[in-house]
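Asks: The structure file coords.pdb (PDB, C-alpha atoms, pLDDT in the B column) is provided below.
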MODEL        1
ATOM      1  CA  MET A   1      52.330 -15.070  24.432  1.00 43.00           C
ATOM      2  CA  ARG A   2      50.353 -13.413  21.641  1.00 46.00           C
ATOM      3  CA  THR A   3      48.558 -15.524  19.100  1.00 46.00           C
ATOM      4  CA  GLU A   4      47.866 -14.308  15.627  1.00 46.00           C
ATOM      5  CA  ARG A   5      44.226 -14.191  14.629  1.00 46.00           C
ATOM      6  CA  PRO A   6      43.427 -15.671  11.245  1.00 47.00           C
ATOM      7  CA  ASN A   7      42.530 -13.203   8.567  1.00 47.00           C
ATOM      8  CA  ARG A   8      38.794 -12.920   8.030  1.00 44.00           C
ATOM      9  CA  PRO A   9      37.148 -11.720   4.823  1.00 43.00           C
ATOM     10  CA  ASN A  10      35.487  -8.351   4.917  1.00 45.00           C
ATOM     11  CA  ARG A  11      31.776  -8.607   5.545  1.00 47.00           C
ATOM     12  CA  PRO A  12      28.992  -6.060   5.033  1.00 46.00           C
ATOM     13  CA  TYR A  13      28.518  -3.871   8.089  1.00 46.00           C
ATOM     14  CA  ARG A  14      25.653  -4.906  10.341  1.00 48.00           C
ATOM     15  CA  PRO A  15      24.802  -3.055  13.568  1.00 44.00           C
ATOM     16  CA  GLU A  16      25.517  -4.947  16.791  1.00 38.00           C
ATOM     17  CA  GLY A  17      22.693  -7.332  17.625  1.00 35.00           C
ATOM     18  CA  ALA A  18      21.249  -7.186  14.133  1.00 41.00           C
ATOM     19  CA  PRO A  19      19.539 -10.334  12.855  1.00 39.00           C
ATOM     20  CA  PRO A  20      20.436 -12.172   9.664  1.00 47.00           C
ATOM     21  CA  PRO A  21      19.173 -10.496   6.484  1.00 47.00           C
ATOM     22  CA  THR A  22      15.445 -10.454   5.753  1.00 46.00           C
ATOM     23  CA  THR A  23      14.238 -13.945   4.902  1.00 70.00           C
ATOM     24  CA  TRP A  24      12.744 -15.449   1.786  1.00 89.00           C
ATOM     25  CA  PRO A  25       9.061 -14.388   2.295  1.00 94.00           C
ATOM     26  CA  VAL A  26       9.980 -10.737   1.721  1.00 94.00           C
ATOM     27  CA  VAL A  27      12.108 -11.661  -1.303  1.00 94.00           C
ATOM     28  CA  LEU A  28       9.257 -13.696  -2.808  1.00 96.00           C
ATOM     29  CA  LEU A  29       6.534 -11.119  -2.161  1.00 97.00           C
ATOM     30  CA  VAL A  30       8.501  -8.118  -3.409  1.00 97.00           C
ATOM     31  CA  GLY A  31       9.898 -10.014  -6.400  1.00 97.00           C
ATOM     32  CA  LEU A  32       6.479 -11.261  -7.514  1.00 98.00           C
ATOM     33  CA  GLY A  33       5.021  -7.821  -6.891  1.00 98.00           C
ATOM     34  CA  ALA A  34       7.647  -6.294  -9.173  1.00 98.00           C
ATOM     35  CA  ALA A  35       6.748  -8.781 -11.913  1.00 98.00           C
ATOM     36  CA  ALA A  36       3.008  -8.131 -11.568  1.00 98.00           C
ATOM     37  CA  TYR A  37       3.635  -4.374 -11.703  1.00 97.00           C
ATOM     38  CA  THR A  38       4.933  -4.767 -15.255  1.00 97.00           C
ATOM     39  CA  ALA A  39       1.704  -6.363 -16.535  1.00 96.00           C
ATOM     40  CA  TRP A  40       0.944  -3.203 -18.526  1.00 96.00           C
ATOM     41  CA  VAL A  41       3.567  -4.289 -21.093  1.00 96.00           C
ATOM     42  CA  LEU A  42       0.933  -6.751 -22.323  1.00 96.00           C
ATOM     43  CA  GLU A  43      -0.456  -3.820 -24.296  1.00 94.00           C
ATOM     44  CA  VAL A  44       2.318  -4.581 -26.784  1.00 92.00           C
ATOM     45  CA  VAL A  45       0.615  -7.834 -27.760  1.00 93.00           C
ATOM     46  CA  LEU A  46      -3.001  -7.109 -26.781  1.00 92.00           C
ATOM     47  CA  SER A  47      -5.330  -4.797 -28.664  1.00 88.00           C
ATOM     48  CA  THR A  48      -6.173  -1.989 -26.229  1.00 90.00           C
ATOM     49  CA  GLY A  49      -6.881   0.805 -28.702  1.00 89.00           C
ATOM     50  CA  LEU A  50      -4.740   3.204 -26.644  1.00 93.00           C
ATOM     51  CA  ASN A  51      -1.567   4.956 -27.760  1.00 94.00           C
ATOM     52  CA  PRO A  52       1.152   4.089 -25.212  1.00 95.00           C
ATOM     53  CA  ILE A  53       3.049   7.285 -26.048  1.00 96.00           C
ATOM     54  CA  GLU A  54       0.183   9.598 -25.172  1.00 94.00           C
ATOM     55  CA  THR A  55      -2.095   7.865 -22.638  1.00 95.00           C
ATOM     56  CA  TYR A  56      -1.929   7.249 -18.893  1.00 95.00           C
ATOM     57  CA  VAL A  57      -1.005   3.725 -17.844  1.00 96.00           C
ATOM     58  CA  SER A  58      -4.074   3.743 -15.588  1.00 95.00           C
ATOM     59  CA  GLU A  59      -6.317   4.247 -18.620  1.00 96.00           C
ATOM     60  CA  LEU A  60      -5.653   0.602 -19.492  1.00 96.00           C
ATOM     61  CA  ALA A  61      -7.692  -0.262 -16.386  1.00 95.00           C
ATOM     62  CA  ALA A  62     -10.547   2.180 -17.070  1.00 95.00           C
ATOM     63  CA  GLN A  63     -14.060   0.864 -16.506  1.00 94.00           C
ATOM     64  CA  ASP A  64     -15.018   1.172 -20.176  1.00 91.00           C
ATOM     65  CA  GLN A  65     -11.935  -0.685 -21.411  1.00 93.00           C
ATOM     66  CA  PRO A  66     -12.566  -4.283 -22.561  1.00 91.00           C
ATOM     67  CA  LEU A  67      -9.397  -5.447 -20.798  1.00 94.00           C
ATOM     68  CA  GLY A  68      -9.794  -3.120 -17.843  1.00 95.00           C
ATOM     69  CA  GLY A  69     -10.596  -5.984 -15.468  1.00 96.00           C
ATOM     70  CA  LEU A  70      -7.323  -7.726 -16.325  1.00 96.00           C
ATOM     71  CA  PHE A  71      -5.192  -4.667 -15.615  1.00 97.00           C
ATOM     72  CA  ARG A  72      -7.111  -3.842 -12.423  1.00 97.00           C
ATOM     73  CA  ALA A  73      -6.506  -7.382 -11.209  1.00 97.00           C
ATOM     74  CA  THR A  74      -2.760  -7.208 -11.897  1.00 97.00           C
ATOM     75  CA  ASP A  75      -2.517  -3.794 -10.208  1.00 97.00           C
ATOM     76  CA  PHE A  76      -4.275  -5.115  -7.122  1.00 98.00           C
ATOM     77  CA  THR A  77      -2.092  -8.229  -7.061  1.00 98.00           C
ATOM     78  CA  ALA A  78       1.114  -6.197  -7.408  1.00 98.00           C
ATOM     79  CA  GLY A  79       0.054  -3.767  -4.702  1.00 98.00           C
ATOM     80  CA  MET A  80      -0.932  -6.436  -2.192  1.00 98.00           C
ATOM     81  CA  LEU A  81       2.254  -8.454  -2.750  1.00 98.00           C
ATOM     82  CA  VAL A  82       4.512  -5.448  -2.218  1.00 98.00           C
ATOM     83  CA  PHE A  83       2.387  -4.234   0.719  1.00 98.00           C
ATOM     84  CA  LEU A  84       2.722  -7.574   2.506  1.00 98.00           C
ATOM     85  CA  GLY A  85       6.445  -7.745   1.740  1.00 97.00           C
ATOM     86  CA  GLY A  86       6.940  -4.270   3.162  1.00 97.00           C
ATOM     87  CA  LEU A  87       4.956  -5.106   6.302  1.00 96.00           C
ATOM     88  CA  LEU A  88       7.037  -8.240   6.904  1.00 94.00           C
ATOM     89  CA  ALA A  89      10.260  -6.261   6.506  1.00 93.00           C
ATOM     90  CA  LEU A  90       9.024  -3.578   8.919  1.00 93.00           C
ATOM     91  CA  ALA A  91       7.925  -6.220  11.432  1.00 90.00           C
ATOM     92  CA  ARG A  92      11.408  -7.714  11.334  1.00 86.00           C
ATOM     93  CA  LEU A  93      12.953  -4.328  12.023  1.00 85.00           C
ATOM     94  CA  VAL A  94      10.617  -3.816  14.990  1.00 82.00           C
ATOM     95  CA  ARG A  95      11.472  -7.226  16.464  1.00 78.00           C
ATOM     96  CA  HIS A  96      15.215  -6.611  16.223  1.00 68.00           C
ATOM     97  CA  PRO A  97      16.067  -3.095  17.476  1.00 61.00           C
ATOM     98  CA  GLY A  98      19.758  -3.576  16.621  1.00 57.00           C
ATOM     99  CA  SER A  99      18.937  -3.655  12.914  1.00 59.00           C
ATOM    100  CA  ARG A 100      16.900  -0.467  12.888  1.00 67.00           C
ATOM    101  CA  GLY A 101      18.130   2.593  11.104  1.00 86.00           C
ATOM    102  CA  PHE A 102      16.320   5.732  10.017  1.00 91.00           C
ATOM    103  CA  TRP A 103      16.907   5.118   6.324  1.00 94.00           C
ATOM    104  CA  ALA A 104      15.934   1.449   6.473  1.00 93.00           C
ATOM    105  CA  VAL A 105      12.709   2.058   8.397  1.00 94.00           C
ATOM    106  CA  THR A 106      11.769   5.022   6.217  1.00 96.00           C
ATOM    107  CA  GLY A 107      12.514   3.088   3.048  1.00 96.00           C
ATOM    108  CA  TRP A 108      10.436   0.043   3.954  1.00 96.00           C
ATOM    109  CA  ALA A 109       7.624   2.315   5.129  1.00 97.00           C
ATOM    110  CA  GLY A 110       7.686   3.930   1.686  1.00 98.00           C
ATOM    111  CA  VAL A 111       7.570   0.524  -0.022  1.00 98.00           C
ATOM    112  CA  THR A 112       4.598  -0.439   2.166  1.00 98.00           C
ATOM    113  CA  LEU A 113       2.773   2.809   1.322  1.00 98.00           C
ATOM    114  CA  PHE A 114       3.436   2.218  -2.367  1.00 98.00           C
ATOM    115  CA  GLY A 115       1.932  -1.266  -2.164  1.00 98.00           C
ATOM    116  CA  ALA A 116      -1.179  -0.170  -0.277  1.00 98.00           C
ATOM    117  CA  ALA A 117      -1.869   2.786  -2.592  1.00 98.00           C
ATOM    118  CA  THR A 118      -1.292   0.675  -5.716  1.00 98.00           C
ATOM    119  CA  ALA A 119      -3.817  -1.880  -4.473  1.00 97.00           C
ATOM    120  CA  ALA A 120      -6.266   0.967  -3.777  1.00 97.00           C
ATOM    121  CA  ASP A 121      -5.816   2.190  -7.365  1.00 94.00           C
ATOM    122  CA  ALA A 122      -7.414  -1.021  -8.604  1.00 94.00           C
ATOM    123  CA  TRP A 123     -10.592  -0.235  -6.661  1.00 96.00           C
ATOM    124  CA  LEU A 124     -10.686   3.382  -7.849  1.00 95.00           C
ATOM    125  CA  PRO A 125     -10.536   3.075 -11.650  1.00 95.00           C
ATOM    126  CA  LEU A 126     -11.110   5.834 -14.156  1.00 95.00           C
ATOM    127  CA  SER A 127     -14.473   5.682 -15.921  1.00 94.00           C
ATOM    128  CA  CYS A 128     -13.024   6.727 -19.296  1.00 94.00           C
ATOM    129  CA  GLN A 129      -9.774   7.836 -20.974  1.00 93.00           C
ATOM    130  CA  PRO A 130      -9.206  11.610 -20.641  1.00 93.00           C
ATOM    131  CA  THR A 131      -6.082  11.655 -22.833  1.00 92.00           C
ATOM    132  CA  ALA A 132      -7.688   9.637 -25.648  1.00 90.00           C
ATOM    133  CA  ASP A 133     -11.309  10.813 -25.497  1.00 91.00           C
ATOM    134  CA  PRO A 134     -11.941  14.587 -25.760  1.00 91.00           C
ATOM    135  CA  GLU A 135     -15.459  14.141 -24.393  1.00 93.00           C
ATOM    136  CA  CYS A 136     -14.074  12.372 -21.319  1.00 92.00           C
ATOM    137  CA  ALA A 137     -11.500  15.139 -20.859  1.00 89.00           C
ATOM    138  CA  ALA A 138     -14.242  17.779 -21.087  1.00 90.00           C
ATOM    139  CA  ARG A 139     -16.385  15.975 -18.505  1.00 91.00           C
ATOM    140  CA  GLU A 140     -13.389  15.645 -16.213  1.00 88.00           C
ATOM    141  CA  THR A 141     -12.607  19.364 -16.500  1.00 85.00           C
ATOM    142  CA  ALA A 142     -16.246  20.205 -15.757  1.00 88.00           C
ATOM    143  CA  GLY A 143     -16.301  17.858 -12.761  1.00 88.00           C
ATOM    144  CA  LEU A 144     -18.914  15.599 -14.354  1.00 92.00           C
ATOM    145  CA  VAL A 145     -17.014  12.343 -13.940  1.00 92.00           C
ATOM    146  CA  PRO A 146     -17.400   9.944 -10.983  1.00 93.00           C
ATOM    147  CA  ALA A 147     -15.581  10.776  -7.757  1.00 93.00           C
ATOM    148  CA  THR A 148     -13.284   7.829  -8.427  1.00 92.00           C
ATOM    149  CA  HIS A 149     -11.340  10.065 -10.836  1.00 93.00           C
ATOM    150  CA  GLN A 150     -10.288  12.375  -8.005  1.00 94.00           C
ATOM    151  CA  ALA A 151      -9.761   9.465  -5.616  1.00 96.00           C
ATOM    152  CA  HIS A 152      -7.649   7.704  -8.211  1.00 95.00           C
ATOM    153  CA  ALA A 153      -5.476  10.795  -8.601  1.00 94.00           C
ATOM    154  CA  VAL A 154      -4.897  10.830  -4.833  1.00 96.00           C
ATOM    155  CA  SER A 155      -4.093   7.112  -4.585  1.00 96.00           C
ATOM    156  CA  SER A 156      -1.773   7.285  -7.600  1.00 96.00           C
ATOM    157  CA  SER A 157       0.051  10.258  -6.087  1.00 96.00           C
ATOM    158  CA  LEU A 158       0.442   8.387  -2.793  1.00 98.00           C
ATOM    159  CA  ALA A 159       1.713   5.312  -4.615  1.00 97.00           C
ATOM    160  CA  MET A 160       4.402   7.241  -6.446  1.00 97.00           C
ATOM    161  CA  THR A 161       5.314   9.190  -3.305  1.00 98.00           C
ATOM    162  CA  GLY A 162       5.784   5.913  -1.447  1.00 98.00           C
ATOM    163  CA  ALA A 163       7.824   4.498  -4.314  1.00 98.00           C
ATOM    164  CA  LEU A 164      10.139   7.517  -4.387  1.00 98.00           C
ATOM    165  CA  ILE A 165      10.597   7.402  -0.602  1.00 98.00           C
ATOM    166  CA  GLY A 166      11.421   3.708  -0.775  1.00 98.00           C
ATOM    167  CA  ILE A 167      13.762   4.024  -3.730  1.00 98.00           C
ATOM    168  CA  VAL A 168      15.756   6.892  -2.242  1.00 98.00           C
ATOM    169  CA  ALA A 169      15.793   5.805   1.411  1.00 97.00           C
ATOM    170  CA  LEU A 170      16.638   2.133   0.897  1.00 96.00           C
ATOM    171  CA  THR A 171      19.314   2.997  -1.643  1.00 97.00           C
ATOM    172  CA  VAL A 172      20.844   5.401   0.889  1.00 96.00           C
ATOM    173  CA  ALA A 173      20.534   2.688   3.568  1.00 93.00           C
ATOM    174  CA  ALA A 174      22.302   0.147   1.360  1.00 93.00           C
ATOM    175  CA  ARG A 175      25.270   2.467   0.891  1.00 93.00           C
ATOM    176  CA  ARG A 176      25.299   3.898   4.406  1.00 91.00           C
ATOM    177  CA  TYR A 177      25.076   0.569   6.231  1.00 87.00           C
ATOM    178  CA  ARG A 178      27.084  -1.342   3.609  1.00 85.00           C
ATOM    179  CA  ARG A 179      24.340  -3.881   3.033  1.00 84.00           C
ATOM    180  CA  HIS A 180      22.539  -5.195  -0.041  1.00 88.00           C
ATOM    181  CA  ALA A 181      25.527  -4.846  -2.366  1.00 91.00           C
ATOM    182  CA  PRO A 182      23.622  -4.940  -5.702  1.00 94.00           C
ATOM    183  CA  LEU A 183      21.293  -2.194  -4.498  1.00 96.00           C
ATOM    184  CA  ALA A 184      24.207  -0.134  -3.210  1.00 95.00           C
ATOM    185  CA  ARG A 185      25.930  -0.470  -6.593  1.00 96.00           C
ATOM    186  CA  TYR A 186      23.093   0.072  -9.055  1.00 97.00           C
ATOM    187  CA  GLY A 187      20.518   1.867  -6.890  1.00 97.00           C
ATOM    188  CA  PRO A 188      21.935   5.394  -7.307  1.00 97.00           C
ATOM    189  CA  ALA A 189      21.601   5.209 -11.098  1.00 98.00           C
ATOM    190  CA  LEU A 190      17.997   4.066 -10.785  1.00 97.00           C
ATOM    191  CA  VAL A 191      17.312   6.885  -8.313  1.00 98.00           C
ATOM    192  CA  VAL A 192      18.537   9.487 -10.819  1.00 98.00           C
ATOM    193  CA  LEU A 193      16.599   7.922 -13.710  1.00 98.00           C
ATOM    194  CA  GLU A 194      13.429   7.655 -11.612  1.00 98.00           C
ATOM    195  CA  LEU A 195      13.625  11.309 -10.577  1.00 97.00           C
ATOM    196  CA  LEU A 196      14.096  12.363 -14.205  1.00 98.00           C
ATOM    197  CA  ALA A 197      11.178  10.193 -15.368  1.00 98.00           C
ATOM    198  CA  THR A 198       9.002  11.614 -12.572  1.00 97.00           C
ATOM    199  CA  ALA A 199       9.893  15.174 -13.565  1.00 97.00           C
ATOM    200  CA  TRP A 200       9.015  14.366 -17.191  1.00 97.00           C
ATOM    201  CA  THR A 201       5.677  12.838 -16.167  1.00 97.00           C
ATOM    202  CA  LEU A 202       4.666  15.661 -13.833  1.00 96.00           C
ATOM    203  CA  THR A 203       5.589  18.294 -16.413  1.00 96.00           C
ATOM    204  CA  ALA A 204       3.592  16.503 -19.110  1.00 95.00           C
ATOM    205  CA  ILE A 205       0.580  16.165 -16.793  1.00 94.00           C
ATOM    206  CA  ALA A 206       0.719  19.877 -15.975  1.00 94.00           C
ATOM    207  CA  LEU A 207       0.853  20.782 -19.669  1.00 94.00           C
ATOM    208  CA  PHE A 208      -1.999  18.401 -20.509  1.00 92.00           C
ATOM    209  CA  THR A 209      -4.140  19.784 -17.692  1.00 88.00           C
ATOM    210  CA  ALA A 210      -3.482  23.300 -18.994  1.00 89.00           C
ATOM    211  CA  GLY A 211      -4.653  22.234 -22.449  1.00 87.00           C
ATOM    212  CA  HIS A 212      -1.261  22.177 -24.178  1.00 90.00           C
ATOM    213  CA  GLY A 213      -1.239  18.579 -25.398  1.00 88.00           C
ATOM    214  CA  THR A 214       0.110  15.394 -23.843  1.00 89.00           C
ATOM    215  CA  TRP A 215       3.849  15.875 -24.512  1.00 93.00           C
ATOM    216  CA  ALA A 216       4.437  12.090 -24.613  1.00 95.00           C
ATOM    217  CA  LEU A 217       2.866  11.780 -21.183  1.00 94.00           C
ATOM    218  CA  GLY A 218       2.346   8.058 -21.659  1.00 96.00           C
ATOM    219  CA  ALA A 219       5.966   7.382 -22.524  1.00 97.00           C
ATOM    220  CA  GLY A 220       7.186   9.303 -19.477  1.00 97.00           C
ATOM    221  CA  GLN A 221       4.800   7.563 -17.114  1.00 97.00           C
ATOM    222  CA  ARG A 222       5.570   4.125 -18.542  1.00 97.00           C
ATOM    223  CA  LEU A 223       9.266   4.775 -18.035  1.00 98.00           C
ATOM    224  CA  GLN A 224       8.491   5.924 -14.497  1.00 98.00           C
ATOM    225  CA  VAL A 225       6.579   2.768 -13.514  1.00 97.00           C
ATOM    226  CA  LEU A 226       9.026   0.494 -15.348  1.00 98.00           C
ATOM    227  CA  LEU A 227      11.909   1.919 -13.296  1.00 98.00           C
ATOM    228  CA  VAL A 228       9.925   1.339 -10.093  1.00 98.00           C
ATOM    229  CA  ALA A 229       9.431  -2.305 -11.078  1.00 98.00           C
ATOM    230  CA  LEU A 230      13.113  -2.696 -11.941  1.00 98.00           C
ATOM    231  CA  TRP A 231      14.120  -1.191  -8.601  1.00 98.00           C
ATOM    232  CA  LEU A 232      11.758  -3.523  -6.716  1.00 98.00           C
ATOM    233  CA  GLY A 233      13.295  -6.455  -8.554  1.00 97.00           C
ATOM    234  CA  LEU A 234      16.763  -5.204  -7.649  1.00 97.00           C
ATOM    235  CA  LEU A 235      15.682  -4.851  -4.007  1.00 97.00           C
ATOM    236  CA  ALA A 236      14.385  -8.431  -3.915  1.00 96.00           C
ATOM    237  CA  HIS A 237      17.576  -9.699  -5.567  1.00 95.00           C
ATOM    238  CA  SER A 238      19.748  -7.754  -3.133  1.00 93.00           C
ATOM    239  CA  VAL A 239      17.965  -9.104  -0.066  1.00 90.00           C
ATOM    240  CA  HIS A 240      18.203 -12.624  -1.485  1.00 90.00           C
ATOM    241  CA  GLN A 241      21.918 -12.273  -2.218  1.00 85.00           C
ATOM    242  CA  GLU A 242      22.673 -11.058   1.280  1.00 75.00           C
ATOM    243  CA  GLY A 243      20.593 -13.864   2.730  1.00 63.00           C
ATOM    244  CA  ARG A 244      22.960 -16.386   1.135  1.00 46.00           C
ATOM    245  CA  THR A 245      26.151 -14.883   2.588  1.00 35.00           C
TER
ENDMDL
END
So, in terms of structure tokens, how does the structure I just supplied come out?

Replies:
Amino acid sequence: MRTERPNRPNRPYRPEGAPPPTTWPVVLLVGLGAAAYTAWVLEVVLSTGLNPIETYVSELAAQDQPLGGLFRATDFTAGMLVFLGGLLALARLVRHPGSRGFWAVTGWAGVTLFGAATAADAWLPLSCQPTADPECAARETAGLVPATHQAHAVSSSLAMTGALIGIVALTVAARRYRRHAPLARYGPALVVLELLATAWTLTAIALFTAGHGTWALGAGQRLQVLLVALWLGLLAHSVHQEGRT
């Protein structure tokens, strides 16, 4: 005699043998890291002497800035928090093979790279403000600035590369594996906006380097980093939401 099985609510897809969603340490670390990564908005209420429309965000942390130490400290804090959160997430994936997936592993690796490179940025500050100080820009063009300028450019590029990898890959993972519903829903829009902001920033940097003005470089870069912080917050929220279901 056949017995009818009770109807069960649809649940997000999870590969066979997968563990419960990532636990609260990752949520806390990534969420706090996202908050710390927005510390640059303090320039709205603090007197920095820099035009946020035209200047690099990293110029707030320059060695000759009176508040440079504050912004270097918040950058380092944000980077380390996200780095540790990414490592914990990767460790969980390694311990539970059933939960691995190319997009998930790639995405968390990108988040971890972003955190490490952001923390490195704090130890490789600019010595002056090339977009605000013509003399600094001239010294930079002539190669007369400290090597930290070049190192900072490398670490910043790695940080944004890691962020883009994480944003794209984990958003794809959320939709492909039907997990992290808020990220699956809102992530694609943030991906598009982040790519547009990155294109704006890179174009403005190229024009500035070629001597054609800043083209609102600061506004583009601030939008770029703000979207990264928003996405990290969405990621933390998504992992937390799935952990409660």

Asks: Nearest residue to Val30 of chain A out of A:Leu227, A:Thr148, A:Ala89, A:Gln241, using all atoms listed in the file?

Replies: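 Comparing A:Leu227, A:Thr148, A:Ala89, A:Gln241 against Val30 of chain A, the winner is A:Ala89.
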
Asks: Can you pull out every residue within 10 Å of Ala199 of chain A, counting only C-alpha atoms, but drop anything in the same chain fewer than 5 positions away, and send it as a list in words?

Replies: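 Here the qualifying residues turn out to be Leu193, Glu194, Ala204, Ile205, Gly220, Gln221 and Gln224 of chain A.
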
Asks: Would you kindly translate the PyMOL selection byres ((chain A and resi 54) around 8) into the concrete residues it picks from this file, as a ChimeraX atom specification?

Replies: /A:51-53,55-56,131-132,214-219

Asks: Store the residues picked out above, limited to C-alpha atoms, as a PDB file, in the coordinates of the input.

Replies:
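The file below, out.pdb, is the result:
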ATOM      1  CA  ASN A  51      -1.567   4.956 -27.760  1.00 94.00           C
ATOM      2  CA  PRO A  52       1.152   4.089 -25.212  1.00 95.00           C
ATOM      3  CA  ILE A  53       3.049   7.285 -26.048  1.00 96.00           C
ATOM      4  CA  THR A  55      -2.095   7.865 -22.638  1.00 95.00           C
ATOM      5  CA  TYR A  56      -1.929   7.249 -18.893  1.00 95.00           C
ATOM      6  CA  THR A 131      -6.082  11.655 -22.833  1.00 92.00           C
ATOM      7  CA  ALA A 132      -7.688   9.637 -25.648  1.00 90.00           C
ATOM      8  CA  THR A 214       0.110  15.394 -23.843  1.00 89.00           C
ATOM      9  CA  TRP A 215       3.849  15.875 -24.512  1.00 93.00           C
ATOM     10  CA  ALA A 216       4.437  12.090 -24.613  1.00 95.00           C
ATOM     11  CA  LEU A 217       2.866  11.780 -21.183  1.00 94.00           C
ATOM     12  CA  GLY A 218       2.346   8.058 -21.659  1.00 96.00           C
ATOM     13  CA  ALA A 219       5.966   7.382 -22.524  1.00 97.00           C
TER      14      ALA A 219
END

Asks: Can you tell me how far atom CA of Gly85 of chain A sits from atom CA of Ser238 of chain A, in Å to one decimal?

Replies: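 One can read the atom CA of Gly85 of chain A to atom CA of Ser238 of chain A distance as 14.2 Å.
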
Asks: As JSON, please report the centre and edge lengths, rounded to one decimal in Å, of the axis-aligned box that holds all listed atoms of segment 156-174 of chain A with 4 Å of padding on each of the six sides.

Replies:
{"center_x": 10.3, "center_y": 5.2, "center_z": -2.0, "size_x": 32.1, "size_y": 18.1, "size_z": 19.2}

Asks: Would you work out the distance separating atom CA of Gly110 of chain A from atom CA of Thr171 of chain A, expressed in Å to one decimal?

Replies: 12.1 Å

Asks: Between atom CA of Pro125 of chain A and atom CA of Val57 of chain A, what is the spacing in Å?

Replies: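 These atoms are spaced 11.4 Å apart.
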
Asks: Which residue gives the smallest distance to Leu124 of chain A among A:Arg222, A:His180, A:Arg72, A:Arg139, with only C-alpha atoms counted?

Replies: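 Distance minimum relative to Leu124 of chain A lands on A:Arg72.
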
Asks: For Ala39 of chain A, which of A:Ala137, A:Ala236, A:Ala229, A:Leu196 is the closest residue, counting all atoms listed in the file?

Replies: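 Closest to Ala39 of chain A of all the choices is A:Ala229.
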
Asks: To verify the selection step, state as an MDAnalysis selection string which residues the PyMOL selection byres ((chain A and resi 181) around 9) yields on this input.

Replies: chainID A and resid 12 174:175 178:180 182:186 238:239 241:242

Asks: List the spatial neighbours of Pro146 of chain A as an MDAnalysis selection string - criterion: any atom at most 10 Å away, only C-alpha atoms, same-chain residues fewer than 3 positions off excluded.

Replies: chainID A and resid 124:128 139:140 143 149:151

Asks: Nearest residue to Leu42 of chain A out of A:Leu67, A:Gly166, A:Thr198, A:Thr141, using all atoms listed in the file?

Replies: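 Once distances to Leu42 of chain A are computed over all atoms listed in the file, the minimum belongs to A:Leu67.
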